[in-house]
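Note: the block below is data00.cif and it holds mmCIF, C-alpha atoms and all ligand atoms.
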data_run
#
loop_
_atom_site.group_PDB
_atom_site.id
_atom_site.type_symbol
_atom_site.label_atom_id
_atom_site.label_comp_id
_atom_site.auth_asym_id
_atom_site.auth_seq_id
_atom_site.Cartn_x
_atom_site.Cartn_y
_atom_site.Cartn_z
ATOM 1 C CA MET K 52 26.065 -25.420 -19.376
ATOM 2 C CA ASN K 53 22.822 -26.781 -20.886
ATOM 3 C CA LEU K 54 20.477 -27.115 -17.907
ATOM 4 C CA THR K 55 17.710 -28.712 -19.965
ATOM 5 C CA SER K 56 19.929 -31.726 -20.596
ATOM 6 C CA PRO K 57 19.039 -34.569 -18.189
ATOM 7 C CA HIS K 58 22.622 -35.754 -18.356
ATOM 8 C CA VAL K 59 23.977 -32.350 -17.317
ATOM 9 C CA VAL K 60 21.432 -32.034 -14.494
ATOM 10 C CA ARG K 61 22.210 -35.475 -13.086
ATOM 11 C CA GLU K 62 25.912 -34.723 -13.193
ATOM 12 C CA LEU K 63 25.414 -31.349 -11.487
ATOM 13 C CA LEU K 64 23.401 -32.915 -8.670
ATOM 14 C CA ARG K 65 25.917 -35.721 -8.250
ATOM 15 C CA ARG K 66 28.909 -33.388 -8.217
ATOM 16 C CA HIS K 67 27.318 -31.270 -5.467
ATOM 17 C CA GLY K 68 26.065 -34.296 -3.565
ATOM 18 C CA VAL K 69 22.494 -32.949 -3.609
ATOM 19 C CA THR K 70 19.596 -35.344 -3.185
ATOM 20 C CA LEU K 71 16.139 -34.257 -4.273
ATOM 21 C CA HIS K 72 13.087 -33.950 -2.049
ATOM 22 C CA ARG K 73 9.873 -35.182 -3.567
ATOM 23 C CA ALA K 74 7.945 -33.505 -0.742
ATOM 24 C CA LEU K 75 9.204 -30.122 -1.970
ATOM 25 C CA GLY K 76 8.058 -30.802 -5.514
ATOM 26 C CA GLN K 77 11.618 -30.899 -6.790
ATOM 27 C CA ASN K 78 11.098 -31.885 -10.404
ATOM 28 C CA PHE K 79 13.307 -29.882 -12.681
ATOM 29 C CA LEU K 80 12.354 -28.846 -16.181
ATOM 30 C CA VAL K 81 14.544 -30.536 -18.787
ATOM 31 C CA ASP K 82 12.644 -29.583 -21.922
ATOM 32 C CA ALA K 83 13.987 -26.651 -23.951
ATOM 33 C CA ASN K 84 10.822 -26.535 -26.043
ATOM 34 C CA ILE K 85 8.601 -25.978 -22.981
ATOM 35 C CA LEU K 86 11.063 -23.443 -21.598
ATOM 36 C CA ARG K 87 10.694 -21.451 -24.828
ATOM 37 C CA LYS K 88 6.895 -21.634 -24.651
ATOM 38 C CA ILE K 89 6.968 -20.272 -21.090
ATOM 39 C CA LEU K 90 9.167 -17.366 -22.170
ATOM 40 C CA ASP K 91 6.953 -16.676 -25.202
ATOM 41 C CA ALA K 92 3.860 -16.527 -22.990
ATOM 42 C CA ALA K 93 5.610 -14.184 -20.552
ATOM 43 C CA GLU K 94 6.508 -11.646 -23.269
ATOM 44 C CA LEU K 95 9.199 -10.070 -21.110
ATOM 45 C CA SER K 96 10.729 -6.742 -21.933
ATOM 46 C CA PRO K 97 14.051 -5.256 -20.734
ATOM 47 C CA GLU K 98 11.964 -3.178 -18.274
ATOM 48 C CA THR K 99 10.208 -6.158 -16.686
ATOM 49 C CA GLY K 100 10.929 -7.401 -13.194
ATOM 50 C CA VAL K 101 10.124 -11.066 -12.610
ATOM 51 C CA LEU K 102 9.139 -12.982 -9.510
ATOM 52 C CA GLU K 103 9.919 -16.694 -9.714
ATOM 53 C CA ILE K 104 8.916 -19.188 -7.021
ATOM 54 C CA GLY K 105 11.190 -22.221 -6.666
ATOM 55 C CA ALA K 106 14.572 -21.820 -8.323
ATOM 56 C CA GLY K 107 15.526 -25.484 -8.435
ATOM 57 C CA ILE K 108 18.885 -25.514 -10.184
ATOM 58 C CA GLY K 109 18.174 -22.198 -11.897
ATOM 59 C CA THR K 110 17.046 -23.403 -15.319
ATOM 60 C CA LEU K 111 14.124 -21.019 -15.688
ATOM 61 C CA THR K 112 15.859 -18.350 -13.579
ATOM 62 C CA ARG K 113 18.744 -18.074 -16.003
ATOM 63 C CA ALA K 114 16.484 -17.877 -19.035
ATOM 64 C CA LEU K 115 14.347 -15.200 -17.368
ATOM 65 C CA ALA K 116 17.415 -13.158 -16.418
ATOM 66 C CA GLU K 117 18.423 -13.005 -20.089
ATOM 67 C CA HIS K 118 15.151 -11.352 -21.074
ATOM 68 C CA ALA K 119 14.108 -9.323 -18.020
ATOM 69 C CA ARG K 120 15.467 -6.351 -16.128
ATOM 70 C CA HIS K 121 15.687 -8.257 -12.880
ATOM 71 C CA VAL K 122 14.637 -11.594 -11.405
ATOM 72 C CA LEU K 123 13.623 -12.198 -7.792
ATOM 73 C CA VAL K 124 13.519 -15.904 -7.083
ATOM 74 C CA ILE K 125 12.316 -17.353 -3.789
ATOM 75 C CA GLU K 126 13.671 -20.818 -2.987
ATOM 76 C CA LEU K 127 12.961 -22.785 0.176
ATOM 77 C CA ASP K 128 15.742 -25.353 -0.015
ATOM 78 C CA ARG K 129 19.081 -23.916 1.104
ATOM 79 C CA SER K 130 20.901 -27.094 0.093
ATOM 80 C CA LEU K 131 20.506 -25.946 -3.523
ATOM 81 C CA ARG K 132 22.644 -22.883 -2.790
ATOM 82 C CA PRO K 133 25.995 -24.303 -4.036
ATOM 83 C CA ILE K 134 24.376 -25.367 -7.297
ATOM 84 C CA LEU K 135 22.689 -22.008 -7.821
ATOM 85 C CA ARG K 136 26.003 -20.246 -7.102
ATOM 86 C CA GLU K 137 27.481 -22.203 -9.966
ATOM 87 C CA THR K 138 24.607 -22.014 -12.478
ATOM 88 C CA LEU K 139 23.934 -18.326 -11.808
ATOM 89 C CA ALA K 140 27.605 -17.301 -11.663
ATOM 90 C CA GLY K 141 28.131 -14.063 -13.561
ATOM 91 C CA VAL K 142 24.385 -13.398 -13.831
ATOM 92 C CA GLU K 143 24.113 -9.984 -12.209
ATOM 93 C CA ASN K 144 20.376 -9.337 -12.344
ATOM 94 C CA VAL K 145 19.118 -12.151 -10.094
ATOM 95 C CA HIS K 146 18.368 -12.014 -6.389
ATOM 96 C CA VAL K 147 17.853 -15.399 -4.729
ATOM 97 C CA GLU K 148 15.862 -15.135 -1.513
ATOM 98 C CA TYR K 149 15.990 -18.289 0.603
ATOM 99 C CA GLY K 150 12.713 -18.827 2.397
ATOM 100 C CA ASP K 151 9.191 -20.161 2.175
ATOM 101 C CA PHE K 152 7.188 -18.297 -0.454
ATOM 102 C CA LEU K 153 4.127 -18.509 1.811
ATOM 103 C CA LYS K 154 5.982 -16.823 4.694
ATOM 104 C CA VAL K 155 8.367 -14.262 3.207
ATOM 105 C CA ASN K 156 7.586 -10.546 3.370
ATOM 106 C CA LEU K 157 6.356 -10.394 -0.202
ATOM 107 C CA PRO K 158 5.546 -6.668 -0.486
ATOM 108 C CA ALA K 159 9.014 -5.706 0.780
ATOM 109 C CA LEU K 160 10.733 -8.132 -1.587
ATOM 110 C CA LEU K 161 8.669 -7.015 -4.565
ATOM 111 C CA ASP K 162 9.444 -3.397 -3.757
ATOM 112 C CA ALA K 163 13.146 -4.102 -3.589
ATOM 113 C CA TYR K 164 13.556 -6.496 -6.513
ATOM 114 C CA CYS K 165 10.578 -6.536 -8.849
ATOM 115 C CA ALA K 166 8.607 -3.280 -8.926
ATOM 116 C CA PRO K 167 7.434 -1.183 -10.660
ATOM 117 C CA LEU K 168 6.658 -3.428 -13.642
ATOM 118 C CA CYS K 169 6.527 -6.894 -12.171
ATOM 119 C CA GLN K 170 5.283 -10.233 -13.393
ATOM 120 C CA VAL K 171 5.340 -13.784 -12.134
ATOM 121 C CA VAL K 172 6.876 -16.636 -14.097
ATOM 122 C CA ALA K 173 7.277 -19.897 -12.252
ATOM 123 C CA ASN K 174 7.309 -23.633 -12.351
ATOM 124 C CA ILE K 175 5.621 -23.777 -8.982
ATOM 125 C CA PRO K 176 6.058 -26.313 -6.168
ATOM 126 C CA TYR K 177 2.880 -28.380 -6.540
ATOM 127 C CA GLN K 178 2.450 -29.188 -2.853
ATOM 128 C CA ILE K 179 1.551 -25.555 -2.111
ATOM 129 C CA THR K 180 -0.458 -24.815 -5.263
ATOM 130 C CA SER K 181 -3.677 -23.501 -3.691
ATOM 131 C CA PRO K 182 -2.190 -21.217 -1.019
ATOM 132 C CA LEU K 183 0.411 -20.046 -3.540
ATOM 133 C CA ILE K 184 -2.179 -19.020 -6.137
ATOM 134 C CA THR K 185 -4.278 -17.406 -3.415
ATOM 135 C CA ARG K 186 -1.282 -15.423 -2.181
ATOM 136 C CA LEU K 187 -0.368 -14.275 -5.687
ATOM 137 C CA LEU K 188 -3.928 -13.140 -6.339
ATOM 138 C CA GLU K 189 -4.049 -11.290 -3.019
ATOM 139 C CA HIS K 190 -1.152 -9.267 -4.424
ATOM 140 C CA LYS K 191 -2.481 -9.162 -7.978
ATOM 141 C CA ALA K 192 -2.212 -5.374 -8.130
ATOM 142 C CA SER K 193 1.576 -5.836 -8.079
ATOM 143 C CA PHE K 194 1.633 -8.063 -11.167
ATOM 144 C CA THR K 195 0.959 -7.385 -14.819
ATOM 145 C CA ARG K 196 0.852 -11.101 -15.681
ATOM 146 C CA MET K 197 1.463 -14.539 -14.191
ATOM 147 C CA VAL K 198 2.702 -17.514 -16.190
ATOM 148 C CA LEU K 199 2.540 -20.608 -14.032
ATOM 149 C CA MET K 200 3.391 -24.261 -14.555
ATOM 150 C CA MET K 201 0.983 -26.353 -12.495
ATOM 151 C CA GLN K 202 -0.464 -29.816 -12.222
ATOM 152 C CA LYS K 203 -2.697 -30.552 -15.208
ATOM 153 C CA GLU K 204 -5.745 -31.216 -13.014
ATOM 154 C CA VAL K 205 -5.404 -27.814 -11.352
ATOM 155 C CA ALA K 206 -5.115 -26.103 -14.731
ATOM 156 C CA GLU K 207 -8.284 -27.906 -15.815
ATOM 157 C CA ARG K 208 -10.082 -26.552 -12.752
ATOM 158 C CA LEU K 209 -8.987 -22.992 -13.501
ATOM 159 C CA LEU K 210 -10.143 -23.304 -17.123
ATOM 160 C CA ALA K 211 -13.352 -25.262 -16.442
ATOM 161 C CA LYS K 212 -16.762 -24.355 -17.828
ATOM 162 C CA PRO K 213 -19.834 -24.107 -15.540
ATOM 163 C CA GLY K 214 -21.639 -27.389 -15.038
ATOM 164 C CA THR K 215 -18.557 -29.588 -15.392
ATOM 165 C CA GLY K 216 -17.014 -31.637 -12.605
ATOM 166 C CA GLU K 217 -13.856 -29.509 -12.644
ATOM 167 C CA TYR K 218 -15.789 -26.259 -12.140
ATOM 168 C CA GLY K 219 -15.683 -25.246 -8.482
ATOM 169 C CA SER K 220 -15.117 -22.443 -6.018
ATOM 170 C CA MET K 221 -11.421 -22.326 -6.971
ATOM 171 C CA THR K 222 -12.414 -21.738 -10.606
ATOM 172 C CA VAL K 223 -14.678 -18.861 -9.640
ATOM 173 C CA PHE K 224 -12.159 -17.404 -7.178
ATOM 174 C CA VAL K 225 -9.334 -17.336 -9.714
ATOM 175 C CA ARG K 226 -11.440 -16.126 -12.641
ATOM 176 C CA TYR K 227 -12.904 -13.388 -10.468
ATOM 177 C CA HIS K 228 -9.381 -12.042 -10.051
ATOM 178 C CA ALA K 229 -7.824 -12.891 -13.395
ATOM 179 C CA GLU K 230 -8.425 -13.939 -16.968
ATOM 180 C CA VAL K 231 -7.100 -17.460 -17.458
ATOM 181 C CA ARG K 232 -5.630 -18.977 -20.626
ATOM 182 C CA LEU K 233 -3.962 -22.284 -21.360
ATOM 183 C CA VAL K 234 -0.440 -21.887 -22.729
ATOM 184 C CA THR K 235 0.491 -25.536 -23.228
ATOM 185 C CA HIS K 236 0.126 -29.046 -21.867
ATOM 186 C CA VAL K 237 3.330 -30.540 -20.470
ATOM 187 C CA SER K 238 4.184 -34.213 -20.202
ATOM 188 C CA ARG K 239 5.616 -35.547 -16.940
ATOM 189 C CA ASN K 240 8.616 -36.616 -19.020
ATOM 190 C CA SER K 241 9.627 -32.988 -19.447
ATOM 191 C CA PHE K 242 10.942 -33.104 -15.866
ATOM 192 C CA LEU K 243 13.785 -34.759 -14.044
ATOM 193 C CA PRO K 244 12.802 -36.799 -12.141
ATOM 194 C CA PRO K 245 9.376 -37.200 -13.795
ATOM 195 C CA PRO K 246 6.583 -36.467 -11.306
ATOM 196 C CA LYS K 247 3.546 -38.755 -10.991
ATOM 197 C CA VAL K 248 1.284 -36.210 -12.713
ATOM 198 C CA ASP K 249 1.175 -34.338 -15.998
ATOM 199 C CA SER K 250 1.340 -30.559 -16.059
ATOM 200 C CA ALA K 251 0.168 -27.504 -17.930
ATOM 201 C CA VAL K 252 1.345 -23.922 -18.269
ATOM 202 C CA VAL K 253 -1.358 -21.353 -17.618
ATOM 203 C CA ARG K 254 -1.349 -17.610 -18.123
ATOM 204 C CA LEU K 255 -3.231 -15.415 -15.653
ATOM 205 C CA ASP K 256 -3.856 -11.788 -16.506
ATOM 206 C CA PRO K 257 -5.042 -10.001 -13.339
ATOM 207 C CA ARG K 258 -8.236 -8.010 -13.777
ATOM 208 C CA ALA K 259 -8.274 -4.410 -12.638
ATOM 209 C CA GLU K 260 -12.021 -4.759 -12.039
ATOM 210 C CA PRO K 261 -14.319 -7.788 -11.748
ATOM 211 C CA PRO K 262 -16.245 -8.599 -14.982
ATOM 212 C CA LEU K 263 -19.368 -6.983 -13.423
ATOM 213 C CA PRO K 264 -19.486 -4.494 -10.529
ATOM 214 C CA VAL K 265 -19.665 -6.280 -7.165
ATOM 215 C CA LYS K 266 -21.540 -4.629 -4.298
ATOM 216 C CA ASP K 267 -19.980 -6.663 -1.516
ATOM 217 C CA GLU K 268 -17.022 -8.926 -2.161
ATOM 218 C CA LYS K 269 -17.399 -10.870 1.095
ATOM 219 C CA ARG K 270 -21.028 -11.611 0.299
ATOM 220 C CA PHE K 271 -20.052 -12.686 -3.235
ATOM 221 C CA PHE K 272 -17.567 -15.265 -1.942
ATOM 222 C CA ALA K 273 -19.988 -16.423 0.745
ATOM 223 C CA VAL K 274 -22.565 -17.123 -1.977
ATOM 224 C CA VAL K 275 -19.997 -18.992 -4.085
ATOM 225 C CA HIS K 276 -18.886 -21.149 -1.166
ATOM 226 C CA ALA K 277 -22.457 -21.905 -0.149
ATOM 227 C CA ALA K 278 -23.358 -22.869 -3.735
ATOM 228 C CA PHE K 279 -20.444 -25.300 -4.040
ATOM 229 C CA GLY K 280 -20.671 -26.508 -0.435
ATOM 230 C CA ALA K 281 -23.544 -28.834 -1.355
ATOM 231 C CA ARG K 282 -23.080 -29.685 -5.010
ATOM 232 C CA ARG K 283 -25.933 -32.168 -5.211
ATOM 233 C CA LYS K 284 -28.536 -29.842 -3.720
ATOM 234 C CA THR K 285 -30.536 -27.293 -5.649
ATOM 235 C CA LEU K 286 -29.142 -23.786 -5.528
ATOM 236 C CA LEU K 287 -31.969 -22.689 -3.250
ATOM 237 C CA ASN K 288 -31.292 -25.429 -0.705
ATOM 238 C CA ALA K 289 -27.532 -25.071 -0.892
ATOM 239 C CA LEU K 290 -27.750 -21.318 -0.305
ATOM 240 C CA SER K 291 -30.291 -21.715 2.443
ATOM 241 C CA GLY K 292 -28.050 -24.174 4.299
ATOM 242 C CA GLY K 293 -24.749 -22.498 3.497
ATOM 243 C CA LEU K 294 -25.829 -18.947 4.263
ATOM 244 C CA GLY K 295 -28.198 -19.914 7.094
ATOM 245 C CA GLN K 296 -31.100 -18.057 5.508
ATOM 246 C CA PRO K 297 -34.784 -18.961 5.100
ATOM 247 C CA ARG K 298 -35.955 -19.691 1.568
ATOM 248 C CA GLU K 299 -38.356 -16.725 1.663
ATOM 249 C CA VAL K 300 -35.370 -14.378 1.782
ATOM 250 C CA LEU K 301 -33.513 -16.128 -1.013
ATOM 251 C CA GLU K 302 -36.294 -16.804 -3.506
ATOM 252 C CA PRO K 303 -37.049 -13.158 -4.413
ATOM 253 C CA ALA K 304 -33.341 -12.418 -4.908
ATOM 254 C CA LEU K 305 -32.982 -15.440 -7.187
ATOM 255 C CA GLU K 306 -35.975 -14.266 -9.149
ATOM 256 C CA ARG K 307 -34.602 -10.722 -9.496
ATOM 257 C CA ALA K 308 -31.300 -12.220 -10.696
ATOM 258 C CA GLY K 309 -33.211 -14.327 -13.241
ATOM 259 C CA ILE K 310 -31.808 -17.579 -11.867
ATOM 260 C CA ASP K 311 -33.947 -20.698 -11.520
ATOM 261 C CA PRO K 312 -33.760 -21.774 -7.822
ATOM 262 C CA LYS K 313 -33.826 -25.414 -8.911
ATOM 263 C CA ARG K 314 -30.525 -25.170 -10.766
ATOM 264 C CA ARG K 315 -27.374 -26.625 -9.195
ATOM 265 C CA GLY K 316 -24.953 -24.019 -7.893
ATOM 266 C CA GLU K 317 -22.169 -25.459 -10.022
ATOM 267 C CA THR K 318 -23.977 -24.405 -13.223
ATOM 268 C CA LEU K 319 -23.748 -20.679 -12.446
ATOM 269 C CA SER K 320 -21.318 -18.563 -14.418
ATOM 270 C CA LEU K 321 -19.077 -16.014 -12.700
ATOM 271 C CA GLU K 322 -21.389 -13.241 -13.929
ATOM 272 C CA GLU K 323 -24.461 -15.028 -12.529
ATOM 273 C CA PHE K 324 -22.780 -15.415 -9.135
ATOM 274 C CA ILE K 325 -22.051 -11.694 -9.129
ATOM 275 C CA THR K 326 -25.598 -10.754 -10.136
ATOM 276 C CA LEU K 327 -27.061 -13.046 -7.492
ATOM 277 C CA SER K 328 -24.835 -11.769 -4.689
ATOM 278 C CA ASN K 329 -25.672 -8.175 -5.684
ATOM 279 C CA GLU K 330 -29.388 -8.990 -5.525
ATOM 280 C CA LEU K 331 -28.947 -10.556 -2.092
ATOM 281 C CA HIS K 332 -27.150 -7.494 -0.841
ATOM 282 C CA GLY K 333 -29.111 -5.973 2.021
ATOM 283 C CA ASP K 334 -31.736 -8.740 1.986
ATOM 284 C CA LEU K 335 -30.020 -11.196 4.258
ATOM 285 C CA MET K 336 -31.111 -11.642 7.828
ATOM 286 C CA GLU K 337 -28.496 -11.494 10.565
ATOM 287 C CA ALA K 338 -27.402 -15.097 10.871
HETATM 288 N N1 LIG K 401 11.979 -23.699 -11.465
HETATM 289 C C1 LIG K 401 12.750 -24.938 -11.422
HETATM 290 C C2 LIG K 401 12.401 -25.791 -10.207
HETATM 291 C C3 LIG K 401 11.001 -26.294 -10.102
HETATM 292 S S1 LIG K 401 10.836 -27.491 -8.812
HETATM 293 C C4 LIG K 401 12.608 -25.681 -12.725
HETATM 294 O O1 LIG K 401 11.753 -25.318 -13.524
HETATM 295 O O2 LIG K 401 13.319 -26.628 -12.951
HETATM 296 C C5 LIG K 401 10.074 -26.548 -7.509
HETATM 297 C C6 LIG K 401 11.071 -25.789 -6.642
HETATM 298 O O3 LIG K 401 10.329 -25.111 -5.607
HETATM 299 C C7 LIG K 401 12.100 -26.643 -5.919
HETATM 300 O O4 LIG K 401 13.382 -26.094 -6.106
HETATM 301 C C8 LIG K 401 11.692 -26.573 -4.428
HETATM 302 O O5 LIG K 401 12.787 -26.653 -3.536
HETATM 303 C C9 LIG K 401 11.042 -25.189 -4.372
HETATM 304 N N2 LIG K 401 10.077 -25.011 -3.272
HETATM 305 C C10 LIG K 401 9.299 -25.958 -2.670
HETATM 306 N N3 LIG K 401 8.503 -25.400 -1.736
HETATM 307 C C11 LIG K 401 8.776 -24.067 -1.730
HETATM 308 C C12 LIG K 401 8.293 -22.962 -0.970
HETATM 309 N N4 LIG K 401 7.352 -23.113 -0.027
HETATM 310 N N5 LIG K 401 8.811 -21.720 -1.211
HETATM 311 C C13 LIG K 401 9.750 -21.546 -2.181
HETATM 312 N N6 LIG K 401 10.259 -22.569 -2.927
HETATM 313 C C14 LIG K 401 9.782 -23.805 -2.709
#
Would you encode the structure as structure tokens?
Ligand code: SAH
Amino acid sequence: MNLTSPHVVRELLRRHGVTLHRALGQNFLVDANILRKILDAAELSPETGVLEIGAGIGTLTRALAEHARHVLVIELDRSLRPILRETLAGVENVHVEYGDFLKVNLPALLDAYCAPLCQVVANIPYQITSPLITRLLEHKASFTRMVLMMQKEVAERLLAKPGTGEYGSMTVFVRYHAEVRLVTHVSRNSFLPPPKVDSAVVRLDPRAEPPLPVKDEKRFFAVVHAAFGARRKTLLNALSGGLGQPREVLEPALERAGIDPKRRGETLSLEEFITLSNELHGDLMEA
């Protein structure tokens, strides 16, 4: 059964009487070319375990199962179960876990079905993009790589350069934890039904260590959030407001970090944010 054929997918849904839920981001990939690009980026080996989020009708799941040791796929919508029974019939190395990716016991599932060599490959449900990426990065030590289909605008934020409108705290958060590369742009017409947005496939390679040593991770993220919390203010004013600190405490640290206090926070690179937060370490007054 060719699951990237729109005709086949429509027929499958009709035969099982399944109606799709836009609110769950149910847009199924019907583009064999994109499917191949996702698999190429994943570079699976027969030893790899894969975590997939959102099985849909099993299009990606089936392709992953052919190339990986085992696939763990977490799917929220139980009404897809009869379809998945059919499309995954005879595929022995897939475990479908029905539940909300944001709520399942991820470490236990990864232990049982993905470890020790585990990577993420998923065409993610767009309505939970931010918490999903955050959750994956919280568990980044479990994954050797993540290949994720996401909304084009989100991909642009993850790939953005300092000083651009797309560059923000999400950019810094993700790049702190992982190296980010664009795999391919994806037209909305590669899905059935087509969503209202275009997409992109992005590859995240988790970092074992941040690009520079960080003295205090909490402080680092506090500085980042303060800097982006008031994008139109100078860095000095944004930090002063966001961290609740007098300028006299912040100015020397900025100087030691070699950062002009009149710059906008959004122009700082990841490395500059790290240097600055390290220089602030110990200087801050109890707020
Ligand atoms: N991987 C498939 C389906 C992508 S559509 C394909 O490429 O065609 C996204 C899927 O995520 C849908 O099947 C939807 O039911 C599922 N989903 C939505 N929210 C979810 C959640 N919180 N946890 C797990 N799956 C979810």
Box along x, y and z, 8 Å on every side, all listed atoms of segment 157-169 of chain K inside: centre and edge lengths in Å to one decimal, as lines of an AutoDock Vina configuration file.
center_x = 9.6
center_y = -5.8
center_z = -6.4
size_x = 24.0
size_y = 25.2
size_z = 30.4
Give the residues close to ligand LIG 401 (chain K), within 9 Å, counting only C-alpha atoms and all ligand atoms; write them as a compact mmCIF listing (two decimals) with C-alpha atoms, keeping the file's coordinate frame.
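So result-v8.txt came out as:
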# COMPACT_ATOMS: atom_id res chain seq x y z
CA LEU K 54 20.48 -27.12 -17.91
CA THR K 55 17.71 -28.71 -19.96
CA LEU K 71 16.14 -34.26 -4.27
CA HIS K 72 13.09 -33.95 -2.05
CA ARG K 73 9.87 -35.18 -3.57
CA ALA K 74 7.94 -33.51 -0.74
CA LEU K 75 9.20 -30.12 -1.97
CA GLY K 76 8.06 -30.80 -5.51
CA GLN K 77 11.62 -30.90 -6.79
CA ASN K 78 11.10 -31.88 -10.40
CA PHE K 79 13.31 -29.88 -12.68
CA LEU K 80 12.35 -28.85 -16.18
CA VAL K 81 14.54 -30.54 -18.79
CA LEU K 86 11.06 -23.44 -21.60
CA GLU K 103 9.92 -16.69 -9.71
CA ILE K 104 8.92 -19.19 -7.02
CA GLY K 105 11.19 -22.22 -6.67
CA ALA K 106 14.57 -21.82 -8.32
CA GLY K 107 15.53 -25.48 -8.44
CA ILE K 108 18.89 -25.51 -10.18
CA GLY K 109 18.17 -22.20 -11.90
CA THR K 110 17.05 -23.40 -15.32
CA LEU K 111 14.12 -21.02 -15.69
CA THR K 112 15.86 -18.35 -13.58
CA VAL K 124 13.52 -15.90 -7.08
CA ILE K 125 12.32 -17.35 -3.79
CA GLU K 126 13.67 -20.82 -2.99
CA LEU K 127 12.96 -22.78 0.18
CA ASP K 128 15.74 -25.35 -0.02
CA ARG K 129 19.08 -23.92 1.10
CA SER K 130 20.90 -27.09 0.09
CA LEU K 131 20.51 -25.95 -3.52
CA GLU K 148 15.86 -15.14 -1.51
CA TYR K 149 15.99 -18.29 0.60
CA GLY K 150 12.71 -18.83 2.40
CA ASP K 151 9.19 -20.16 2.17
CA PHE K 152 7.19 -18.30 -0.45
CA LEU K 153 4.13 -18.51 1.81
CA LYS K 154 5.98 -16.82 4.69
CA VAL K 155 8.37 -14.26 3.21
CA ALA K 173 7.28 -19.90 -12.25
CA ASN K 174 7.31 -23.63 -12.35
CA ILE K 175 5.62 -23.78 -8.98
CA PRO K 176 6.06 -26.31 -6.17
CA TYR K 177 2.88 -28.38 -6.54
CA GLN K 178 2.45 -29.19 -2.85
CA ILE K 179 1.55 -25.56 -2.11
CA LEU K 183 0.41 -20.05 -3.54
CA MET K 200 3.39 -24.26 -14.56
CA PHE K 242 10.94 -33.10 -15.87
CA LEU K 243 13.78 -34.76 -14.04
Care to translate the PyMOL selection byres (((chain K and resi 213-229) around 7) and not hetatm) into actual residues of this file, as a list in words?
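Listing what the PyMOL selection byres (((chain K and resi 213-229) around 7) and not hetatm) selects in the shown file: Leu188, Glu207, Arg208, Leu209, Ala211, Lys212, Glu230, Val231, Leu255, Asp256, Pro257, Arg258, Pro261, Val275, His276, Phe279, Glu317, Thr318, Leu319, Ser320 and Leu321 of chain K.
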With C-alpha atoms kept, could you save the residues just selected as a short mmCIF file (atom, residue, chain, number, x, y, z; two decimals), in the frame of the given file?
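The resulting file, selection23.cif, is shown below:
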data_model
loop_
_atom_site.label_atom_id
_atom_site.label_comp_id
_atom_site.auth_asym_id
_atom_site.auth_seq_id
_atom_site.Cartn_x
_atom_site.Cartn_y
_atom_site.Cartn_z
CA LEU K 188 -3.93 -13.14 -6.34
CA GLU K 207 -8.28 -27.91 -15.82
CA ARG K 208 -10.08 -26.55 -12.75
CA LEU K 209 -8.99 -22.99 -13.50
CA ALA K 211 -13.35 -25.26 -16.44
CA LYS K 212 -16.76 -24.36 -17.83
CA GLU K 230 -8.43 -13.94 -16.97
CA VAL K 231 -7.10 -17.46 -17.46
CA LEU K 255 -3.23 -15.42 -15.65
CA ASP K 256 -3.86 -11.79 -16.51
CA PRO K 257 -5.04 -10.00 -13.34
CA ARG K 258 -8.24 -8.01 -13.78
CA PRO K 261 -14.32 -7.79 -11.75
CA VAL K 275 -20.00 -18.99 -4.08
CA HIS K 276 -18.89 -21.15 -1.17
CA PHE K 279 -20.44 -25.30 -4.04
CA GLU K 317 -22.17 -25.46 -10.02
CA THR K 318 -23.98 -24.40 -13.22
CA LEU K 319 -23.75 -20.68 -12.45
CA SER K 320 -21.32 -18.56 -14.42
CA LEU K 321 -19.08 -16.01 -12.70
#
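Once Asn53 of chain K and its same-chain neighbours fewer than 4 positions away are set aside, Pro57, His58, Val59, Val60, Val81, Ala83, Thr110 and Thr138 of chain K remain within 10 Å of it when counting only C-alpha atoms.
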Between K:Thr185, K:Thr326, K:Ser238, K:Gln170, single out the one closest to Ala93 of chain K, counting all atoms listed in the file.
K:Gln170
So how many Å separate atom CA of His332 of chain K and atom CA of Arg186 of chain K, to one decimal?
27.1 Å
Quick one: pull the distance between atom CA of Leu139 of chain K and atom CA of Asp162 of chain K, Å, one decimal.
22.3 Å
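The two atoms in question, atom CA of Ser181 of chain K and atom CA of Leu102 of chain K, are spaced 17.6 Å apart.
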Give me the residues near segment 296-303 of chain K as a list in words, where near means some atom within 12 Å (using all atoms listed in the file) and where sequence neighbours in that chain fewer than 5 positions away do not count.
Val274, Ala277, Thr285, Leu286, Leu287, Asn288, Ala289, Leu290, Ser291, Ala308, Gly309, Ile310, Asp311, Pro312, Lys313, Leu327, Ser328, Glu330, Leu331, His332, Gly333, Asp334, Leu335, Met336, Glu337 and Ala338 of chain K
Given the file above and the PyMOL selection byres (((chain K and resi 193) around 12) and not hetatm), which residues are selected, and can you give them as a ChimeraX atom specification?
/K:100-102,157-162,165-171,186-192,194-197,256-259
Using all atoms listed in the file, which of the listed residues (K:Pro133, K:Pro262, K:Gly280, K:Pro245) sits closest to Gly292 of chain K?
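Ranking K:Pro133, K:Pro262, K:Gly280, K:Pro245 by distance to Gly292 of chain K, first place goes to K:Gly280.
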What's around Val145 of chain K at 6 Å? Count all atoms listed in the file, leave out sequence neighbours fewer than 3 positions away in its own chain, and write the answer as a list in words.
His121, Val122 and Leu123 of chain K
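Of the residues under consideration (K:Val252, K:Ala206, K:Ile325, K:Leu305), K:Ile325 shows the shortest atom-to-atom contact distance to Ala273 of chain K when counting all atoms listed in the file.
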Leaving out Asn84 of chain K and any residue of its chain fewer than 4 positions from it, which residues lie within 10 Å of it when counting all atoms listed in the file, given as a PyMOL selection string?
chain K and resi 55+88-89+241
Have a look at K:Arg65, K:Arg113, K:Arg120, K:Arg136 and name the one nearest to Ser96 of chain K; count only C-alpha atoms.
K:Arg120
